[in-house]
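S.K.: This one is entry.tsv, TSV, C-alpha atoms.
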chain	number	residue	atom	x	y	z
A	1	MET	CA	13.97	-0.12	-25.93
A	2	LYS	CA	13.41	0.46	-22.21
A	3	LYS	CA	13.81	4.02	-20.99
A	4	ASP	CA	15.40	5.21	-17.78
A	5	PHE	CA	12.77	6.02	-15.14
A	6	ARG	CA	13.67	7.01	-11.59
A	7	TYR	CA	10.29	7.72	-10.03
A	8	ILE	CA	7.70	5.67	-11.92
A	9	TYR	CA	7.93	1.90	-12.24
A	10	GLY	CA	6.07	-1.10	-13.59
A	11	PRO	CA	3.45	-1.75	-14.65
A	12	VAL	CA	3.39	-4.63	-12.18
A	13	PRO	CA	0.87	-7.51	-12.14
A	14	SER	CA	-1.03	-6.66	-8.96
A	15	TRP	CA	-3.46	-9.28	-7.63
A	16	ARG	CA	-5.52	-6.38	-6.26
A	17	LEU	CA	-5.29	-3.74	-9.02
A	18	GLY	CA	-4.55	-5.56	-12.27
A	19	SER	CA	-1.87	-3.79	-14.33
A	20	SER	CA	-0.54	-1.19	-11.89
A	21	LEU	CA	1.89	1.60	-12.77
A	22	GLY	CA	3.73	2.68	-9.63
A	23	ILE	CA	4.72	6.19	-8.57
A	24	ASP	CA	7.35	6.43	-5.84
A	25	LEU	CA	7.34	9.90	-4.24
A	26	LEU	CA	10.02	8.75	-1.78
A	27	SER	CA	12.54	7.59	-4.40
A	28	GLN	CA	15.96	7.32	-2.81
A	29	ALA	CA	18.46	4.69	-1.64
A	30	ASP	CA	16.85	3.90	1.72
A	31	LYS	CA	13.25	3.11	2.57
A	32	VAL	CA	11.41	5.85	4.49
A	33	CYS	CA	8.43	4.65	6.51
A	34	SER	CA	6.54	5.14	9.76
A	35	PHE	CA	6.55	1.33	10.22
A	36	ASP	CA	9.26	-1.33	10.25
A	37	CYS	CA	7.03	-4.30	9.45
A	38	ILE	CA	8.60	-7.67	10.16
A	39	TYR	CA	7.36	-9.04	6.81
A	40	CYS	CA	8.36	-6.12	4.52
A	41	GLN	CA	9.79	-7.46	1.24
A	42	ILE	CA	11.98	-4.35	0.85
A	43	GLY	CA	13.77	-5.01	4.13
A	44	LYS	CA	14.24	-3.13	7.39
A	45	THR	CA	13.31	0.53	7.72
A	46	LYS	CA	16.51	2.50	8.22
A	47	ARG	CA	14.63	5.81	8.44
A	48	CYS	CA	11.56	5.30	10.62
A	49	SER	CA	9.79	8.68	10.64
A	50	VAL	CA	6.43	10.44	10.89
A	51	LYS	CA	7.75	13.73	9.48
A	52	LYS	CA	6.36	14.81	6.11
A	53	LYS	CA	8.97	16.07	3.63
A	54	LEU	CA	9.41	16.85	-0.05
A	55	TYR	CA	11.44	14.02	-1.56
A	56	VAL	CA	10.54	14.14	-5.26
A	57	SER	CA	8.90	17.15	-6.91
A	58	SER	CA	5.57	16.81	-8.72
A	59	GLU	CA	7.25	18.26	-11.82
A	60	LYS	CA	9.68	15.33	-11.98
A	61	ILE	CA	6.80	12.85	-11.84
A	62	VAL	CA	4.96	14.70	-14.60
A	63	ARG	CA	8.08	14.74	-16.82
A	64	GLU	CA	8.50	10.98	-16.51
A	65	LEU	CA	4.81	10.32	-17.19
A	66	LYS	CA	5.09	12.35	-20.39
A	67	ARG	CA	7.81	9.92	-21.56
A	68	LEU	CA	5.74	6.87	-20.72
A	69	PRO	CA	5.44	4.44	-23.66
A	70	ASP	CA	2.09	3.06	-24.77
A	71	VAL	CA	1.40	0.35	-22.17
A	72	HIS	CA	-1.88	-0.90	-20.71
A	73	ILE	CA	-2.53	0.43	-17.20
A	74	ASP	CA	-5.52	-0.33	-14.94
A	75	TYR	CA	-4.39	1.87	-12.03
A	76	ILE	CA	-1.71	4.45	-11.38
A	77	THR	CA	-0.62	3.59	-7.85
A	78	PHE	CA	1.26	5.66	-5.30
A	79	SER	CA	3.41	3.19	-3.38
A	80	GLY	CA	7.12	2.31	-3.62
A	81	ARG	CA	9.94	2.28	-1.08
A	82	GLY	CA	8.07	3.49	1.99
A	83	GLU	CA	4.89	5.19	3.22
A	84	PRO	CA	3.53	7.55	0.50
A	85	THR	CA	1.71	9.86	2.95
A	86	LEU	CA	5.14	10.96	4.22
A	87	ALA	CA	5.53	12.83	0.92
A	88	LYS	CA	4.55	16.45	1.53
A	89	ASN	CA	3.31	16.83	-2.06
A	90	LEU	CA	1.15	13.70	-2.31
A	91	GLY	CA	-2.09	15.64	-2.90
A	92	GLN	CA	-0.45	18.03	-5.35
A	93	THR	CA	1.00	15.15	-7.36
A	94	ILE	CA	-2.30	13.26	-7.48
A	95	LYS	CA	-3.93	16.41	-8.94
A	96	ALA	CA	-1.13	16.76	-11.49
A	97	VAL	CA	-1.42	13.13	-12.59
A	98	LYS	CA	-5.20	13.38	-12.88
A	99	GLY	CA	-4.72	16.41	-15.11
A	100	MET	CA	-2.79	14.41	-17.69
A	101	ARG	CA	-3.87	10.76	-17.39
A	102	LYS	CA	-7.27	9.07	-17.61
A	103	GLU	CA	-6.50	6.03	-15.42
A	104	PRO	CA	-7.88	5.89	-11.85
A	105	ILE	CA	-5.47	6.71	-9.01
A	106	ALA	CA	-4.81	4.34	-6.10
A	107	VAL	CA	-2.79	4.94	-2.94
A	108	LEU	CA	-1.44	2.10	-0.76
A	109	THR	CA	-0.94	3.37	2.78
A	110	ASN	CA	-0.26	1.88	6.20
A	111	ALA	CA	-2.92	4.24	7.68
A	112	SER	CA	-0.54	5.41	10.42
A	113	LEU	CA	-1.03	9.12	9.66
A	114	LEU	CA	-4.76	9.18	8.93
A	115	PHE	CA	-5.42	10.98	12.21
A	116	ARG	CA	-3.93	14.06	10.48
A	117	LYS	CA	-6.46	16.15	8.56
A	118	GLU	CA	-3.97	17.14	5.83
A	119	VAL	CA	-3.21	13.46	5.13
A	120	ARG	CA	-6.91	12.59	4.81
A	121	LYS	CA	-7.38	15.60	2.50
A	122	ALA	CA	-4.62	14.38	0.18
A	123	LEU	CA	-5.90	10.79	0.13
A	124	ALA	CA	-9.44	11.99	-0.62
A	125	LEU	CA	-8.23	12.95	-4.11
A	126	ALA	CA	-7.54	9.30	-5.01
A	127	ASP	CA	-10.10	6.99	-6.61
A	128	LEU	CA	-9.06	4.04	-4.45
A	129	VAL	CA	-7.30	3.99	-1.10
A	130	ALA	CA	-6.04	0.72	0.39
A	131	LEU	CA	-5.41	0.91	4.14
A	132	LYS	CA	-3.22	-1.50	6.08
A	133	LEU	CA	-4.51	-3.08	9.30
A	134	ASP	CA	-2.42	-6.01	10.55
A	135	ALA	CA	-3.19	-5.83	14.27
A	136	ASP	CA	-6.06	-5.76	16.76
A	137	SER	CA	-4.13	-4.15	19.64
A	138	GLN	CA	-1.09	-2.07	20.54
A	139	ARG	CA	0.75	-5.24	21.55
A	140	LEU	CA	0.29	-6.84	18.13
A	141	LEU	CA	0.98	-3.54	16.32
A	142	ASN	CA	4.34	-3.38	18.12
A	143	GLN	CA	5.15	-6.99	17.27
A	144	VAL	CA	4.13	-6.95	13.58
A	145	ASN	CA	4.44	-3.36	12.34
A	146	GLN	CA	6.99	-1.90	14.78
A	147	PRO	CA	5.73	1.69	14.38
A	148	ALA	CA	7.58	4.96	14.99
A	149	GLY	CA	7.34	5.98	18.66
A	150	THR	CA	4.41	8.40	18.39
A	151	ILE	CA	2.13	6.03	16.46
A	152	THR	CA	-0.45	4.10	18.49
A	153	PHE	CA	-3.12	1.56	17.61
A	154	THR	CA	-5.78	3.92	19.00
A	155	LYS	CA	-4.64	6.73	16.69
A	156	ILE	CA	-4.61	4.43	13.66
A	157	LEU	CA	-8.10	3.06	14.32
A	158	LYS	CA	-9.51	6.53	14.98
A	159	GLY	CA	-7.96	7.85	11.75
A	160	ILE	CA	-9.40	4.97	9.72
A	161	ARG	CA	-12.89	5.50	11.14
A	162	VAL	CA	-12.84	9.25	10.44
A	163	PHE	CA	-11.54	8.68	6.90
A	164	ARG	CA	-14.22	6.07	6.22
A	165	LYS	CA	-16.90	8.67	7.01
A	166	GLU	CA	-15.28	11.36	4.85
A	167	TYR	CA	-14.04	9.42	1.84
A	168	ARG	CA	-16.17	9.12	-1.30
A	169	GLY	CA	-13.95	6.78	-3.32
A	170	LYS	CA	-13.39	3.03	-3.07
A	171	LEU	CA	-11.91	1.98	0.28
A	172	ALA	CA	-10.03	-1.29	0.64
A	173	LEU	CA	-8.63	-2.79	3.82
A	174	GLN	CA	-5.38	-4.76	3.47
A	175	ILE	CA	-4.54	-7.33	6.12
A	176	MET	CA	-1.27	-9.25	6.06
A	177	PHE	CA	-1.63	-12.54	7.93
A	178	MET	CA	1.24	-14.62	9.31
A	179	LYS	CA	1.88	-16.87	12.30
A	180	LYS	CA	2.27	-13.83	14.59
A	181	ASN	CA	-1.29	-12.50	14.05
A	182	LYS	CA	-3.11	-15.59	12.82
A	183	LYS	CA	-4.94	-16.11	16.12
A	184	ALA	CA	-6.26	-12.52	16.00
A	185	ALA	CA	-8.12	-13.14	12.71
A	186	LYS	CA	-11.57	-13.28	14.31
A	187	LYS	CA	-11.06	-10.00	16.19
A	188	MET	CA	-9.64	-8.34	13.08
A	189	ALA	CA	-12.65	-9.46	11.07
A	190	GLU	CA	-14.87	-7.78	13.67
A	191	LEU	CA	-12.84	-4.57	13.34
A	192	ALA	CA	-13.14	-4.78	9.55
A	193	LYS	CA	-16.92	-5.16	9.72
A	194	ALA	CA	-17.14	-2.10	11.96
A	195	ILE	CA	-15.02	-0.08	9.50
A	196	CYS	CA	-17.18	-1.30	6.59
A	197	PRO	CA	-14.70	-1.04	3.69
A	198	ASP	CA	-15.75	-1.71	0.11
A	199	GLU	CA	-13.29	-4.61	-0.04
A	200	VAL	CA	-11.03	-6.59	2.30
A	201	GLN	CA	-7.76	-7.89	0.83
A	202	LEU	CA	-6.41	-10.90	2.73
A	203	ASN	CA	-2.68	-11.28	2.17
A	204	THR	CA	0.27	-13.35	3.41
A	205	PRO	CA	4.00	-12.78	2.69
A	206	THR	CA	4.51	-14.61	-0.63
A	207	ARG	CA	7.43	-12.39	-1.76
A	208	PRO	CA	10.94	-12.80	-0.28
A	209	SER	CA	10.56	-11.94	3.41
A	210	ARG	CA	11.86	-12.64	6.91
A	211	VAL	CA	8.42	-14.14	7.65
A	212	ARG	CA	7.01	-17.38	6.24
A	213	PRO	CA	3.62	-17.23	4.46
A	214	LEU	CA	0.56	-19.03	5.74
A	215	SER	CA	-0.74	-22.00	3.77
A	216	ARG	CA	-3.72	-21.96	1.45
A	217	LYS	CA	-5.62	-23.94	4.08
A	218	ASP	CA	-4.83	-21.40	6.79
A	219	MET	CA	-5.90	-18.48	4.57
A	220	ALA	CA	-9.12	-20.24	3.60
A	221	GLY	CA	-9.90	-20.70	7.30
A	222	ILE	CA	-9.20	-17.03	8.01
A	223	LYS	CA	-11.44	-15.93	5.14
A	224	ARG	CA	-14.43	-17.61	6.82
A	225	TYR	CA	-14.33	-14.95	9.55
A	226	PHE	CA	-14.96	-12.32	6.86
A	227	ARG	CA	-18.25	-13.80	5.67
A	228	GLY	CA	-20.74	-11.14	4.66
A	229	MET	CA	-17.98	-8.84	3.39
A	230	LYS	CA	-16.41	-8.58	-0.06
A	231	ALA	CA	-13.17	-10.37	0.79
A	232	VAL	CA	-10.50	-11.49	-1.67
A	233	SER	CA	-7.51	-13.69	-0.78
A	234	ILE	CA	-4.11	-13.66	-2.48
A	235	TYR	CA	-4.30	-17.38	-3.21
A	236	GLU	CA	-7.59	-16.97	-5.09
A	237	ALA	CA	-6.68	-13.93	-7.17
A	238	LYS	CA	-5.49	-14.04	-10.78
A	239	ARG	CA	-2.63	-11.89	-12.05
A	240	LYS	CA	-2.43	-10.23	-15.44
A	241	LYS	CA	0.60	-10.54	-17.69
A	242	VAL	CA	2.19	-7.10	-18.02
A	243	ARG	CA	5.15	-5.55	-19.81
A	244	PRO	CA	7.20	-3.39	-17.41
A	245	ILE	CA	8.86	-0.21	-18.68
A	246	SER	CA	11.93	-0.85	-16.50
A	247	LYS	CA	12.53	-4.31	-15.07
A	248	LYS	CA	15.30	-3.27	-12.68
A	249	ASP	CA	13.32	-0.44	-11.05
A	250	THR	CA	10.19	-2.59	-10.90
A	251	MET	CA	11.83	-5.50	-9.14
A	252	THR	CA	13.82	-3.29	-6.74
A	253	ARG	CA	10.68	-1.62	-5.44
A	254	ARG	CA	8.91	-4.98	-5.14
A	255	GLY	CA	11.69	-6.44	-3.01
A	256	LYS	CA	13.01	-9.01	-5.48
A	257	LYS	CA	16.67	-9.54	-6.24
A	258	ILE	CA	17.88	-8.47	-9.66
A	259	GLU	CA	19.81	-11.13	-11.57
Would you write the structure of this file as structure tokens?

M.R.:
Amino acid sequence: MKKDFRYIYGPVPSWRLGSSLGIDLLSQADKVCSFDCIYCQIGKTKRCSVKKKLYVSSEKIVRELKRLPDVHIDYITFSGRGEPTLAKNLGQTIKAVKGMRKEPIAVLTNASLLFRKEVRKALALADLVALKLDADSQRLLNQVNQPAGTITFTKILKGIRVFRKEYRGKLALQIMFMKKNKKAAKKMAELAKAICPDEVQLNTPTRPSRVRPLSRKDMAGIKRYFRGMKAVSIYEAKRKKVRPISKKDTMTRRGKKIE
């Protein structure tokens, strides 16, 4: 019998993380994010913000994890309906989860707030951090990610570079490719090599989205620019079969319609 969970969801079959149990520290009706990405499977950002707030207490997350049934989990992943670094208690919750679970912790972030020391400090507690980088310039950032007004490409790149020097865990760079930024692939590969992540994850919008995905041929061509790096493409990755604890919550946070 499936239990009612409001803040944890999955596990989901992630092509990057295997069986991934999600934690949504922003759980509410509307997405809260510092970006309004044109490809987002959850839809448009109604609350585009850079202000950190407490949305869900760490205690509520801990209570739900204590009720978690016996399911296989490769990673416990902070993600969900928005940008997790907007949660004021991200670091506190990571510590709480580590105190009760043995699985490694991952955080999926758009990297927009990495220029802030307190955000880097919270992310440093995770075992794996996956940073988004979909643009090579302010122009492309505006076209693809549509950031909140105070966010600039220069700030994002500076934050990523500082975090790379400080962070001791596994760093992945996520790049979502589509027609809009396809021609910037070579420049973005050069940026990735300068950042020197442990892994580059090459993605294209395969979930329901306003943007059409690139073909396998296009993605294979893009991957050639990332020679010499550990790069994995969505079309090459295998997904595990997983048993979600709550199908409705899982699919809602992944942007799929519930039948």

S.K.: Got a sec: who's within 7 Å of stretch 158-161 of chain A, counting all atoms listed in the file, leaving out chain neighbours fewer than 4 positions off, as a PDB file with C-alpha atoms, in the frame of the given file?

M.R.:
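So the final result, stored in part-v3.pdb, reads:
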ATOM      1  CA  ALA A 111      -2.920   4.240   7.680  1.00  0.00           C
ATOM      2  CA  LEU A 114      -4.760   9.180   8.930  1.00  0.00           C
ATOM      3  CA  PHE A 115      -5.420  10.980  12.210  1.00  0.00           C
ATOM      4  CA  THR A 154      -5.780   3.920  19.000  1.00  0.00           C
ATOM      5  CA  LYS A 165     -16.900   8.670   7.010  1.00  0.00           C
ATOM      6  CA  ILE A 195     -15.020  -0.080   9.500  1.00  0.00           C
TER       7      ILE A 195
END

S.K.: Using only C-alpha atoms, which of A:Arg63, A:Lys88, A:Lys132, A:Arg216 sits nearest A:Gln174?

M.R.: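 Ranking A:Arg63, A:Lys88, A:Lys132, A:Arg216 by distance to A:Gln174, first place goes to A:Lys132.
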
S.K.: Write out as a list in words the residues lying within 10 Å of stretch 54-58 of chain A, counting all atoms listed in the file and excluding same-chain residues fewer than 4 positions away.

M.R.: Tyr7, Asp24, Leu25, Leu26, Ser27, Gln28, Val62, Arg63, Leu86, Ala87, Lys88, Asn89, Leu90, Gly91, Gln92, Thr93, Ile94, Lys95, Ala96 and Val97 of chain A

S.K.: To one decimal place, how far is atom CA of A:Ile234 from atom CA of A:Asn181 in Å?

M.R.: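 Answer for the atom CA of A:Ile234 to atom CA of A:Asn181 separation: 16.8 Å.
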
S.K.: Let me make sure I understand: among A:Leu125, A:Arg168, A:Leu141, A:Pro13, which one has the smallest atom-to-atom distance to A:Lys155 if we use all atoms listed in the file?

M.R.: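 Checking each candidate against A:Lys155, we get A:Leu141 as the closest.
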
S.K.: Can you tell me which residues surround A:Lys179 at a distance of at most 10 Å, considering only C-alpha atoms, apart from same-chain residues fewer than 4 positions away, and format the answer as a PDB file with C-alpha atoms, keeping the file's coordinate frame?

M.R.:
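What landed in result.pdb:
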ATOM      1  CA  LYS A 183      -4.940 -16.110  16.120  1.00  0.00           C
ATOM      2  CA  ALA A 184      -6.260 -12.520  16.000  1.00  0.00           C
ATOM      3  CA  THR A 204       0.270 -13.350   3.410  1.00  0.00           C
ATOM      4  CA  VAL A 211       8.420 -14.140   7.650  1.00  0.00           C
ATOM      5  CA  ARG A 212       7.010 -17.380   6.240  1.00  0.00           C
ATOM      6  CA  PRO A 213       3.620 -17.230   4.460  1.00  0.00           C
ATOM      7  CA  LEU A 214       0.560 -19.030   5.740  1.00  0.00           C
ATOM      8  CA  ASP A 218      -4.830 -21.400   6.790  1.00  0.00           C
TER       9      ASP A 218
END

S.K.: In terms of the shortest atom-to-atom distance over only C-alpha atoms, which of A:Ile175, A:Val232, A:Ile222, A:Cys37 is closest to A:Asn142?

M.R.: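 Nearest to A:Asn142: A:Cys37.
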
S.K.: What is the atom CA of A:Arg207 to atom CA of A:Gly18 distance in Å?

M.R.: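 Atom CA of A:Gly18 lies 17.3 Å from atom CA of A:Arg207.
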
S.K.: At a cut-off of 8 Å, using only C-alpha atoms, what residues contact A:Leu21? Leave out same-chain residues fewer than 5 positions from it and give the result as a ChimeraX atom specification.

M.R.: /A:8-12,73-77

S.K.: With all atoms listed in the file as the atoms that count, which of A:Asp134, A:Asp198, A:Asp4, A:Glu83 lies nearest to A:Cys33?

M.R.: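 The answer is A:Glu83, which sits nearest to A:Cys33.
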
S.K.: With distances taken over all atoms listed in the file, which of A:His72, A:Arg210, A:Lys31, A:Lys46 is nearest to A:Lys102?

M.R.: A:His72

S.K.: Hey, which of A:Lys186, A:Arg164, A:Lys238, A:Lys66 ends up closest to A:Phe226? Count only C-alpha atoms.

M.R.: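 The shortest atom-to-atom distance to A:Phe226 comes from A:Lys186.
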
S.K.: Between atom CA of A:Val50 and atom CA of A:Pro147, what distance in Å does the model show, to one decimal?

M.R.: 9.4 Å

S.K.: Neighbouring residues of A:Tyr167 were defined as those with any atom within 10 Å, considering only C-alpha atoms; residues of the same chain fewer than 4 positions away were excluded. Please report them as a list in words.

M.R.: Arg120, Lys121, Leu123, Ala124, Leu125, Ala126, Asp127, Leu128, Val129, Val162, Phe163 and Leu171 of chain A

S.K.: Give the centre and edge lengths of an axis-aligned box, in Å to one decimal, that holds all listed atoms of stretch 108-127 of chain A with 3 Å on each side, as AutoDock Vina command-line options.

M.R.:
--center_x -5.2 --center_y 9.5 --center_z 2.8 --size_x 15.8 --size_y 21.3 --size_z 24.8
